[in-house]
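Undergrad: File name input03.cif; file contents mmCIF, C-alpha atoms and all ligand atoms; full text below.
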```
data_model
#
loop_
_atom_site.label_atom_id
_atom_site.label_comp_id
_atom_site.auth_asym_id
_atom_site.auth_seq_id
_atom_site.Cartn_x
_atom_site.Cartn_y
_atom_site.Cartn_z
CA MET A 1 0.00 0.00 0.00
CA GLU A 2 1.46 3.38 -1.04
CA ILE A 3 0.70 5.90 1.69
CA ILE A 4 1.42 9.62 1.93
CA VAL A 5 1.30 11.42 5.28
CA LEU A 6 1.14 15.21 5.42
CA ILE A 7 2.83 16.64 8.48
CA LYS A 8 3.17 20.20 9.70
CA GLN A 9 5.90 21.62 11.91
CA VAL A 10 4.35 23.69 14.72
CA PRO A 11 5.59 25.49 17.86
CA GLU A 12 5.76 23.36 21.01
CA ILE A 13 2.55 23.77 23.03
CA GLY A 14 2.74 26.91 25.15
CA GLU A 15 5.69 28.39 23.25
CA ALA A 16 3.78 30.20 20.50
CA LYS A 17 3.74 33.93 21.21
CA ILE A 18 1.97 36.67 19.29
CA ASP A 19 4.07 39.77 18.61
CA PRO A 20 1.93 42.53 20.24
CA LYS A 21 3.08 45.11 17.64
CA THR A 22 2.66 43.18 14.38
CA GLY A 23 -0.04 40.72 15.53
CA THR A 24 1.86 37.87 13.84
CA LEU A 25 3.26 34.69 15.30
CA ASN A 26 6.77 35.23 16.58
CA ARG A 27 8.66 32.07 15.59
CA LYS A 28 12.10 33.23 16.71
CA GLY A 29 13.70 31.22 19.52
CA ILE A 30 10.81 28.79 19.96
CA SER A 31 11.13 25.02 19.71
CA LEU A 32 9.30 23.42 16.83
CA THR A 33 7.92 19.90 16.58
CA ILE A 34 5.53 17.73 14.56
CA ASN A 35 1.90 18.78 14.99
CA PRO A 36 0.69 16.33 17.71
CA ILE A 37 -2.27 14.94 15.70
CA ASP A 38 0.06 14.30 12.76
CA LEU A 39 1.74 11.69 14.99
CA ASN A 40 -1.63 9.87 14.98
CA ALA A 41 -1.62 10.15 11.17
CA ILE A 42 1.87 8.59 11.04
CA GLU A 43 0.78 5.84 13.47
CA LEU A 44 -2.17 4.91 11.25
CA ALA A 45 0.13 4.76 8.23
CA LEU A 46 2.54 2.48 10.14
CA GLN A 47 -0.31 0.16 11.18
CA ILE A 48 -1.56 -0.13 7.58
CA LYS A 49 1.99 -0.81 6.36
CA GLU A 50 2.49 -3.48 9.05
CA GLU A 51 -0.63 -5.26 7.79
CA GLN A 52 -0.23 -4.73 4.05
CA GLY A 53 3.40 -3.84 3.39
CA GLY A 54 4.24 -0.94 1.11
CA LYS A 55 5.82 2.44 1.60
CA ILE A 56 5.11 5.56 3.66
CA ARG A 57 6.18 8.95 2.35
CA ALA A 58 6.06 11.99 4.64
CA ILE A 59 5.63 15.46 3.17
CA THR A 60 5.78 18.92 4.65
CA MET A 61 5.68 22.43 3.28
CA GLY A 62 7.65 24.89 5.33
CA PRO A 63 11.01 26.57 5.85
CA GLU A 64 14.31 24.65 5.57
CA SER A 65 14.12 24.06 9.33
CA ALA A 66 11.02 21.89 8.77
CA GLU A 67 13.52 19.18 7.78
CA LYS A 68 13.69 18.40 11.51
CA ALA A 69 10.00 17.38 11.52
CA LEU A 70 10.62 15.12 8.54
CA ARG A 71 13.56 13.44 10.28
CA GLU A 72 11.27 12.83 13.27
CA ALA A 73 8.80 11.18 10.87
CA LEU A 74 11.58 8.99 9.41
CA ALA A 75 12.67 8.01 12.93
CA LEU A 76 9.10 6.86 13.63
CA GLY A 77 9.11 4.55 10.60
CA CYS A 78 8.30 6.56 7.47
CA ASP A 79 10.36 5.40 4.49
CA GLU A 80 10.94 8.62 2.57
CA ALA A 81 10.61 12.34 3.28
CA PHE A 82 9.90 15.33 1.03
CA LEU A 83 10.23 19.03 1.83
CA LEU A 84 8.42 21.68 -0.18
CA THR A 85 10.30 24.88 0.55
CA GLY A 86 11.20 28.27 -0.86
CA GLN A 87 10.71 31.98 -0.25
CA GLU A 88 7.96 31.97 -2.89
CA PHE A 89 5.69 29.98 -0.51
CA ALA A 90 5.89 32.59 2.29
CA ALA A 91 2.54 34.12 3.29
CA SER A 92 0.59 31.22 1.73
CA ASP A 93 -2.84 30.80 3.33
CA THR A 94 -4.55 27.41 3.67
CA TYR A 95 -5.78 27.50 0.04
CA ALA A 96 -2.32 28.18 -1.42
CA THR A 97 -0.71 25.72 1.02
CA ALA A 98 -3.14 22.96 0.00
CA TYR A 99 -2.65 23.76 -3.69
CA ALA A 100 1.14 23.50 -3.40
CA LEU A 101 0.94 20.28 -1.36
CA ALA A 102 -1.47 18.79 -3.92
CA GLN A 103 1.06 19.52 -6.71
CA LEU A 104 3.78 17.60 -4.87
CA VAL A 105 1.38 14.74 -4.05
CA THR A 106 0.45 14.56 -7.75
CA PHE A 107 4.15 14.48 -8.68
CA LEU A 108 4.64 11.54 -6.28
CA LYS A 109 1.98 9.33 -7.92
CA PRO A 110 1.15 6.47 -7.58
CA TRP A 111 -0.35 6.43 -4.07
CA GLU A 112 -3.48 4.96 -2.57
CA VAL A 113 -4.11 6.59 0.80
CA ILE A 114 -3.28 10.12 1.97
CA ILE A 115 -3.44 10.78 5.70
CA THR A 116 -3.45 14.16 7.47
CA GLY A 117 -4.17 15.38 10.96
CA GLU A 118 -7.62 16.76 11.73
CA LYS A 119 -6.07 20.19 12.43
CA ALA A 120 -2.83 21.90 13.30
CA ILE A 121 -2.45 23.27 16.82
CA ASP A 122 -1.23 26.66 15.56
CA GLY A 123 -3.30 27.54 12.47
CA ASP A 124 -6.17 25.37 13.75
CA THR A 125 -8.35 25.71 10.65
CA GLY A 126 -8.69 22.03 9.70
CA GLN A 127 -8.85 23.18 6.07
CA VAL A 128 -5.66 21.79 4.55
CA GLY A 129 -6.69 18.09 4.39
CA PRO A 130 -10.09 18.71 2.73
CA ALA A 131 -8.58 21.30 0.36
CA VAL A 132 -5.81 18.91 -0.75
CA ALA A 133 -8.45 16.21 -1.44
CA SER A 134 -10.46 18.74 -3.42
CA PHE A 135 -7.45 19.73 -5.56
CA LEU A 136 -6.70 16.02 -6.17
CA ASN A 137 -10.39 15.31 -6.86
CA ILE A 138 -10.47 12.28 -4.52
CA PRO A 139 -12.93 11.37 -1.71
CA ILE A 140 -12.27 12.89 1.72
CA LEU A 141 -13.20 11.43 5.10
CA THR A 142 -12.72 13.86 8.00
CA TYR A 143 -12.60 13.27 11.78
CA ALA A 144 -11.77 9.55 11.49
CA ILE A 145 -11.70 7.63 14.78
CA GLN A 146 -11.12 4.17 13.26
CA CYS A 147 -9.66 2.92 10.00
CA GLN A 148 -9.44 -0.80 9.24
CA LEU A 149 -8.64 -2.79 6.17
CA VAL A 150 -11.51 -5.09 5.13
CA ASN A 151 -9.34 -6.45 2.33
CA ARG A 152 -6.57 -5.09 0.14
CA SER A 153 -8.94 -2.93 -1.84
CA LEU A 154 -11.50 -1.90 0.79
CA PHE A 155 -11.28 0.13 4.00
CA LEU A 156 -13.83 0.45 6.82
CA ILE A 157 -13.70 3.92 8.35
CA GLU A 158 -15.54 5.29 11.37
CA ARG A 159 -15.83 9.06 11.69
CA THR A 160 -17.53 11.33 14.17
CA ILE A 161 -20.44 13.40 12.93
CA GLU A 162 -22.86 15.71 14.78
CA SER A 163 -25.37 12.93 15.45
CA GLY A 164 -22.93 10.14 16.35
CA VAL A 165 -20.58 7.88 14.45
CA GLN A 166 -20.72 7.19 10.72
CA ARG A 167 -19.32 3.91 9.30
CA ILE A 168 -18.22 3.93 5.68
CA THR A 169 -16.54 1.36 3.48
CA LEU A 170 -14.63 2.64 0.50
CA PRO A 171 -11.76 1.69 -1.79
CA PRO A 172 -8.62 3.80 -2.25
CA PRO A 173 -7.70 6.36 -3.41
CA PHE A 174 -8.96 8.66 -0.65
CA LEU A 175 -7.75 11.22 1.87
CA ILE A 176 -8.50 10.72 5.54
CA THR A 177 -8.05 13.24 8.37
CA VAL A 178 -7.51 11.58 11.73
CA THR A 179 -8.38 12.58 15.29
CA LYS A 180 -6.25 12.47 18.40
CA GLY A 181 -8.02 9.56 20.07
CA MET A 182 -7.69 7.26 17.07
CA ASN A 183 -4.53 5.50 18.24
CA ALA A 184 -1.54 5.84 20.54
CA PRO A 185 1.48 7.09 18.58
CA ARG A 186 4.62 5.02 19.13
CA PHE A 187 8.03 6.40 20.12
CA PRO A 188 11.01 6.38 17.77
CA THR A 189 13.45 3.49 18.13
CA LEU A 190 17.25 3.84 18.17
CA ARG A 191 17.34 2.08 14.80
CA GLY A 192 14.76 4.56 13.51
CA LYS A 193 16.80 7.52 14.73
CA ILE A 194 19.94 6.23 12.99
CA PHE A 195 17.95 5.65 9.77
CA ALA A 196 16.51 9.19 10.01
CA ARG A 197 19.95 10.72 10.34
CA GLN A 198 21.26 8.89 7.26
CA GLN A 199 18.27 9.32 4.97
CA GLU A 200 18.20 12.06 2.33
CA ILE A 201 15.37 14.59 2.50
CA GLN A 202 14.18 15.26 -1.03
CA LYS A 203 13.57 18.98 -1.57
CA PHE A 204 11.26 20.68 -4.03
CA ASN A 205 10.44 24.30 -4.79
CA ALA A 206 7.83 25.95 -7.01
CA GLN A 207 10.07 25.84 -10.09
CA SER A 208 10.96 22.16 -9.78
CA LEU A 209 7.24 21.29 -9.63
CA GLY A 210 6.21 23.74 -12.34
CA ILE A 211 4.03 25.72 -9.90
CA SER A 212 3.28 29.28 -10.99
CA VAL A 213 4.32 31.80 -8.32
CA ASP A 214 0.92 33.49 -8.82
CA SER A 215 -0.77 30.37 -7.33
CA ILE A 216 1.18 30.48 -4.06
CA GLY A 217 2.43 32.98 -1.50
CA LEU A 218 0.45 36.17 -0.96
CA SER A 219 -0.70 36.44 -4.59
CA GLY A 220 -2.16 32.90 -4.54
CA SER A 221 -3.87 33.41 -1.17
CA PRO A 222 -7.46 34.66 -1.20
CA THR A 223 -7.49 35.09 2.62
CA ARG A 224 -6.88 38.61 3.88
CA VAL A 225 -6.12 39.04 7.56
CA VAL A 226 -7.62 42.45 8.28
CA LYS A 227 -6.64 42.65 11.94
CA VAL A 228 -5.24 40.40 14.62
CA GLU A 229 -5.97 41.40 18.20
CA ASN A 230 -4.26 40.15 21.27
CA PHE A 231 -6.76 40.25 24.11
CA LYS A 232 -5.26 41.22 27.44
CA ILE A 233 -7.40 40.12 30.34
CA GLU A 234 -6.87 42.26 33.42
CA ARG A 235 -8.46 41.39 36.74
CA LYS A 236 -9.34 44.43 38.82
CA GLY A 237 -8.45 43.04 42.20
CA LYS A 238 -7.66 44.62 45.54
CA ILE A 239 -4.59 43.73 47.54
CA LEU A 240 -5.00 43.87 51.32
CA LYS A 241 -1.94 43.45 53.48
CA ASP A 242 -0.36 44.49 56.77
CA MET A 243 -3.83 45.02 58.32
CA ASP A 244 -5.81 43.73 61.24
CA PRO A 245 -7.29 40.41 59.98
CA VAL A 246 -10.84 41.36 61.07
CA LEU A 247 -10.65 44.69 59.23
CA MET A 248 -9.18 42.87 56.26
CA ALA A 249 -12.10 40.39 56.19
CA ASP A 250 -14.62 43.29 56.46
CA GLN A 251 -13.02 45.12 53.55
CA LEU A 252 -12.93 41.93 51.50
CA VAL A 253 -16.65 41.28 52.08
CA GLN A 254 -17.46 44.93 51.24
CA PHE A 255 -15.40 44.62 48.01
CA LEU A 256 -17.34 41.50 46.98
CA VAL A 257 -20.74 42.99 47.90
CA GLU A 258 -20.02 46.14 45.83
CA ARG A 259 -19.39 43.91 42.80
CA GLY A 260 -22.49 41.79 43.38
CA ALA A 261 -20.42 38.68 44.11
CA CYS A 262 -22.16 38.14 47.46
CA LYS A 263 -24.94 39.67 49.57
C1 LIG B 301 -2.86 35.33 4.91
C2 LIG B 301 -2.07 34.22 5.55
C3 LIG B 301 -0.68 34.24 5.48
C4 LIG B 301 0.06 33.22 6.07
N1 LIG B 301 1.41 33.25 5.98
C5 LIG B 301 2.17 32.26 6.53
C6 LIG B 301 3.59 32.27 6.45
O1 LIG B 301 4.19 33.18 5.89
N2 LIG B 301 4.28 31.25 7.03
C7 LIG B 301 3.63 30.23 7.65
O2 LIG B 301 4.28 29.31 8.17
N3 LIG B 301 2.29 30.16 7.73
C8 LIG B 301 1.53 31.16 7.19
N4 LIG B 301 0.17 31.15 7.27
C9 LIG B 301 -0.45 30.01 7.91
C10 LIG B 301 -0.56 28.88 6.92
O3 LIG B 301 -1.37 29.20 5.82
C11 LIG B 301 -1.21 27.75 7.65
O4 LIG B 301 -0.44 27.43 8.76
C12 LIG B 301 -1.26 26.52 6.79
O5 LIG B 301 -1.96 26.78 5.62
C13 LIG B 301 -1.90 25.39 7.51
O6 LIG B 301 -3.13 25.77 8.03
P1 LIG B 301 -3.54 25.26 9.44
O7 LIG B 301 -2.39 25.51 10.35
O8 LIG B 301 -4.86 25.82 9.78
O9 LIG B 301 -3.61 23.68 9.20
P2 LIG B 301 -4.84 22.70 9.33
O10 LIG B 301 -5.68 22.77 8.13
O11 LIG B 301 -5.49 22.87 10.66
O12 LIG B 301 -3.99 21.36 9.31
C14 LIG B 301 -4.60 20.09 9.12
C15 LIG B 301 -3.57 19.10 8.67
O13 LIG B 301 -3.09 19.44 7.38
C16 LIG B 301 -1.71 19.08 7.25
N5 LIG B 301 -0.92 20.31 7.03
C17 LIG B 301 -1.22 21.58 7.39
N6 LIG B 301 -0.25 22.42 6.99
C18 LIG B 301 0.69 21.66 6.39
C19 LIG B 301 1.95 21.94 5.79
N7 LIG B 301 2.45 23.17 5.74
N8 LIG B 301 2.66 20.90 5.28
C20 LIG B 301 2.18 19.62 5.31
N9 LIG B 301 0.99 19.30 5.87
C21 LIG B 301 0.26 20.30 6.40
C22 LIG B 301 -1.32 18.40 8.58
O14 LIG B 301 -1.55 17.03 8.46
C23 LIG B 301 -2.33 19.01 9.55
O15 LIG B 301 -2.56 18.18 10.68
C24 LIG B 301 -0.59 32.16 6.73
C25 LIG B 301 -2.00 32.17 6.81
C26 LIG B 301 -2.73 33.18 6.24
C27 LIG B 301 -4.23 33.16 6.37
#
```
Will you turn the file into C-alpha cells for me?
TA:
Amino acid sequence: MEIIVLIKQVPEIGEAKIDPKTGTLNRKGISLTINPIDLNAIELALQIKEEQGGKIRAITMGPESAEKALREALALGCDEAFLLTGQEFAASDTYATAYALAQLVTFLKPWEVIITGEKAIDGDTGQVGPAVASFLNIPILTYAIQCQLVNRSLFLIERTIESGVQRITLPPPFLITVTKGMNAPRFPTLRGKIFARQQEIQKFNAQSLGISVDSIGLSGSPTRVVKVENFKIERKGKILKDMDPVLMADQLVQFLVERGACK
C-alpha cells in the first residue's frame, strides 16, 4: 500500500507567542515539533503498512528548518521524506498551502491513501486536508476515529459526525483526516533515529514542480487578515496586606458585595 502522510511543523505547546506590535506569530527562539495529531496520522500509516506492506512517504511544506520534523517522521518509521520549501511559498494561506501540497502529491503518484491530521495546533483551521483532497479530486473522510482494512482494496472507516458515528466502506484512493483519540502514537526506536539521520530529505520548490508563483504565496492566497488582536485580560483586584485580619475580612466582604459577588 502506497501511503502519503502530510505533516506540519508547529511550535511546542505553550511556546507560541503573538508579537503585540505586528499581531503575527513570533517564531524566533521557539522550539518546533511535529503537529501532535500528525503523529496519529503517522501511526495509522505504520499500522496499515504493518498489515499490508508498502511504503510511507512523509511530506511537509515549510522553511528549511522543517527538515527536523521530517527526520522525526523517518525516525518513527516513514520510508521517505519530502520538503516543499522556498521563499515563494511565504505568506501562503490554507488555500495556497493545499494547492502547493497537492502539486507535490500529484508528482509523487502512484499512491493509494493520503493521511493528514484533523487540524494543526497553531493555524487550527482544519482546512488543509479537505482542500488537498479537493485539488486532487479524490474522496475525503474527515474526523476519522477508526480505519481498518476489510481487504486489500476496501477500508472500513468510522468518523464522528454531529449525530454520532458514521461507518463507511470505501476503496482507495482517498484522503483521511484523523483525530487524536484514534490511536496511541509510538516512540522512535534507536534504529529509527539512525535511519533518520542517514536518509536524504528530497527537496522541491515551485520551479521544480512547475508551480506558478501566482498560485502560491500572498498572490495565490485569497485570505486577507484584516486585523489580529491580542486580548489582554486584566483582573481588577484589591490587595489587602499588613492590616488587622478582622478589618481585612470586612473590607474583603465589602469589596465583593459592591461587585455583586455576594450579599
Ligand atoms: C494570509 C495568511 C498568510 C500566512 N502566511 C504564513 C507564512 O508566511 N508562514 C507560515 O508558516 N504560515 C503562514 N500562514 C499560515 C498557513 O497558511 C497555515 O499554517 C497553513 O496553511 C496550515 O493551516 P492550518 O495551520 O490551519 O492547518 P490545518 O488545516 O489545521 O492542518 C490540518 C492538517 O493538514 C496538514 N498540514 C497543514 N499544513 C501543512 C503543511 N504546511 N505541510 C504539510 N501538511 C500540512 C497536517 O496534516 C495538519 O494536521 C498564513 C496564513 C494566512 C491566512
Undergrad: What residues have any atom no more than 7 Å from ligand LIG 301 (chain B) when counting all atoms listed in the file, and can you list them as JSON, numbers by chain?
TA: {"A": [6, 7, 8, 35, 37, 38, 59, 60, 61, 62, 90, 91, 92, 93, 94, 95, 97, 98, 101, 116, 117, 118, 119, 120, 121, 122, 123, 124, 125, 126, 127, 128, 129, 218, 221, 223, 224, 225]}
Undergrad: Would you list the contacts of Lys68 (chain A) as a short mmCIF file (atom, residue, chain, number, x, y, z; two decimals) with C-alpha atoms, keeping the file's coordinate frame, taking every protein, DNA or RNA residue within 10 Å and counting all atoms listed in the file, but skipping same-chain residues closer than 2 positions in sequence?
TA:
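Produced file out_14.cif, reproduced below:
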```
data_model
loop_
_atom_site.label_atom_id
_atom_site.label_comp_id
_atom_site.auth_asym_id
_atom_site.auth_seq_id
_atom_site.Cartn_x
_atom_site.Cartn_y
_atom_site.Cartn_z
CA GLN A 9 5.90 21.62 11.91
CA LEU A 32 9.30 23.42 16.83
CA THR A 33 7.92 19.90 16.58
CA ILE A 34 5.53 17.73 14.56
CA GLU A 64 14.31 24.65 5.57
CA SER A 65 14.12 24.06 9.33
CA ALA A 66 11.02 21.89 8.77
CA LEU A 70 10.62 15.12 8.54
CA ARG A 71 13.56 13.44 10.28
CA GLU A 72 11.27 12.83 13.27
CA ALA A 73 8.80 11.18 10.87
CA LEU A 74 11.58 8.99 9.41
CA ALA A 196 16.51 9.19 10.01
CA ARG A 197 19.95 10.72 10.34
CA ILE A 201 15.37 14.59 2.50
#
```
Undergrad: Taking only C-alpha atoms into account, name the residue in A:Thr177, A:Ser212, A:Gln254, A:Gln87 that is nearest to Tyr143 (chain A).
TA: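 Once distances to Tyr143 (chain A) are computed over only C-alpha atoms, the minimum belongs to A:Thr177.
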Undergrad: Write out as a list of chain:residue names each polymer residue whose atoms come within 10 Å of Asp79 (chain A), counting only C-alpha atoms; drop sequence neighbours fewer than 3 positions from it.
TA: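 Surrounding residues, per the criterion: A:Gly54, A:Lys55, A:Ile56, A:Arg57, A:Ala58, A:Ala73, A:Leu74, A:Ala75, A:Leu76, A:Phe195, A:Ala196, A:Gln199.
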Undergrad: So which residues touch Leu39 (chain A) within 6 Å, counting only C-alpha atoms, skipping near sequence neighbours fewer than 3 positions away, as an NGL selection string?
TA: :A and (36 or 42 or 185)
Undergrad: Using only C-alpha atoms, which protein or nucleic acid residues come within 9 Å of region 150-152 of chain A? Drop anything in the same chain fewer than 5 positions from it, and give the result as JSON, numbers by chain.
TA: {"A": [1, 52, 169, 171]}
Undergrad: Can you spit out the residues from that selection as a JSON list (two decimals), keeping the file's coordinate frame, using C-alpha atoms?
TA:
```
[["chain", "number", "residue", "atom", "x", "y", "z"],
["A", 1, "MET", "CA", 0.00, 0.00, 0.00],
["A", 52, "GLN", "CA", -0.23, -4.73, 4.05],
["A", 169, "THR", "CA", -16.54, 1.36, 3.48],
["A", 171, "PRO", "CA", -11.76, 1.69, -1.79]]
```
Undergrad: Measure the distance from CA of Thr160 (chain A) to CA of Val178 (chain A) in Å and round it to one decimal.
TA: 10.3 Å
Undergrad: Any chance you could model N, CA, C and O atoms for region 66-82 of chain A and send them as a PDB file, keeping the file's coordinate frame?
TA:
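Wrote rebuild24.pdb, looks like this:
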```
ATOM      1  N   ALA A  66      12.061  22.923   8.652  1.00  0.00           N
ATOM      2  CA  ALA A  66      11.020  21.890   8.770  1.00  0.00           C
ATOM      3  C   ALA A  66      11.572  20.498   8.486  1.00  0.00           C
ATOM      4  O   ALA A  66      10.903  19.485   8.710  1.00  0.00           O
ATOM      5  N   GLU A  67      12.829  20.457   8.002  1.00  0.00           N
ATOM      6  CA  GLU A  67      13.520  19.180   7.780  1.00  0.00           C
ATOM      7  C   GLU A  67      13.546  18.362   9.075  1.00  0.00           C
ATOM      8  O   GLU A  67      13.475  17.137   9.051  1.00  0.00           O
ATOM      9  N   LYS A  68      13.631  19.087  10.200  1.00  0.00           N
ATOM     10  CA  LYS A  68      13.690  18.400  11.510  1.00  0.00           C
ATOM     11  C   LYS A  68      12.418  17.552  11.718  1.00  0.00           C
ATOM     12  O   LYS A  68      12.486  16.412  12.172  1.00  0.00           O
ATOM     13  N   ALA A  69      11.270  18.118  11.352  1.00  0.00           N
ATOM     14  CA  ALA A  69      10.000  17.380  11.520  1.00  0.00           C
ATOM     15  C   ALA A  69      10.003  16.138  10.639  1.00  0.00           C
ATOM     16  O   ALA A  69       9.516  15.068  11.041  1.00  0.00           O
ATOM     17  N   LEU A  70      10.576  16.272   9.445  1.00  0.00           N
ATOM     18  CA  LEU A  70      10.620  15.120   8.540  1.00  0.00           C
ATOM     19  C   LEU A  70      11.547  14.029   9.074  1.00  0.00           C
ATOM     20  O   LEU A  70      11.260  12.840   8.943  1.00  0.00           O
ATOM     21  N   ARG A  71      12.650  14.447   9.687  1.00  0.00           N
ATOM     22  CA  ARG A  71      13.560  13.440  10.280  1.00  0.00           C
ATOM     23  C   ARG A  71      12.874  12.732  11.445  1.00  0.00           C
ATOM     24  O   ARG A  71      13.068  11.540  11.672  1.00  0.00           O
ATOM     25  N   GLU A  72      12.038  13.464  12.184  1.00  0.00           N
ATOM     26  CA  GLU A  72      11.270  12.830  13.270  1.00  0.00           C
ATOM     27  C   GLU A  72      10.322  11.775  12.678  1.00  0.00           C
ATOM     28  O   GLU A  72      10.152  10.687  13.233  1.00  0.00           O
ATOM     29  N   ALA A  73       9.730  12.120  11.531  1.00  0.00           N
ATOM     30  CA  ALA A  73       8.800  11.180  10.870  1.00  0.00           C
ATOM     31  C   ALA A  73       9.547   9.938  10.392  1.00  0.00           C
ATOM     32  O   ALA A  73       9.049   8.805  10.515  1.00  0.00           O
ATOM     33  N   LEU A  74      10.762  10.130   9.861  1.00  0.00           N
ATOM     34  CA  LEU A  74      11.580   8.990   9.410  1.00  0.00           C
ATOM     35  C   LEU A  74      11.956   8.117  10.610  1.00  0.00           C
ATOM     36  O   LEU A  74      11.933   6.886  10.525  1.00  0.00           O
ATOM     37  N   ALA A  75      12.280   8.757  11.730  1.00  0.00           N
ATOM     38  CA  ALA A  75      12.670   8.010  12.930  1.00  0.00           C
ATOM     39  C   ALA A  75      11.501   7.151  13.441  1.00  0.00           C
ATOM     40  O   ALA A  75      11.700   6.080  14.030  1.00  0.00           O
ATOM     41  N   LEU A  76      10.278   7.616  13.176  1.00  0.00           N
ATOM     42  CA  LEU A  76       9.100   6.860  13.630  1.00  0.00           C
ATOM     43  C   LEU A  76       8.779   5.686  12.706  1.00  0.00           C
ATOM     44  O   LEU A  76       8.007   4.802  13.077  1.00  0.00           O
ATOM     45  N   GLY A  77       9.351   5.701  11.486  1.00  0.00           N
ATOM     46  CA  GLY A  77       9.110   4.550  10.600  1.00  0.00           C
ATOM     47  C   GLY A  77       8.712   4.910   9.183  1.00  0.00           C
ATOM     48  O   GLY A  77       8.487   4.009   8.367  1.00  0.00           O
ATOM     49  N   CYS A  78       8.603   6.204   8.861  1.00  0.00           N
ATOM     50  CA  CYS A  78       8.300   6.560   7.470  1.00  0.00           C
ATOM     51  C   CYS A  78       9.518   6.209   6.611  1.00  0.00           C
ATOM     52  O   CYS A  78      10.650   6.215   7.094  1.00  0.00           O
ATOM     53  N   ASP A  79       9.270   5.884   5.338  1.00  0.00           N
ATOM     54  CA  ASP A  79      10.360   5.400   4.490  1.00  0.00           C
ATOM     55  C   ASP A  79      11.082   6.513   3.748  1.00  0.00           C
ATOM     56  O   ASP A  79      12.284   6.444   3.535  1.00  0.00           O
ATOM     57  N   GLU A  80      10.332   7.530   3.334  1.00  0.00           N
ATOM     58  CA  GLU A  80      10.940   8.620   2.570  1.00  0.00           C
ATOM     59  C   GLU A  80      10.340   9.937   3.037  1.00  0.00           C
ATOM     60  O   GLU A  80       9.216   9.961   3.558  1.00  0.00           O
ATOM     61  N   ALA A  81      11.110  11.031   2.819  1.00  0.00           N
ATOM     62  CA  ALA A  81      10.610  12.340   3.280  1.00  0.00           C
ATOM     63  C   ALA A  81      10.837  13.401   2.217  1.00  0.00           C
ATOM     64  O   ALA A  81      11.874  13.399   1.540  1.00  0.00           O
ATOM     65  N   PHE A  82       9.872  14.302   2.081  1.00  0.00           N
ATOM     66  CA  PHE A  82       9.900  15.330   1.030  1.00  0.00           C
ATOM     67  C   PHE A  82       9.584  16.689   1.632  1.00  0.00           C
ATOM     68  O   PHE A  82       8.580  16.832   2.349  1.00  0.00           O
TER      69      PHE A  82
END
```
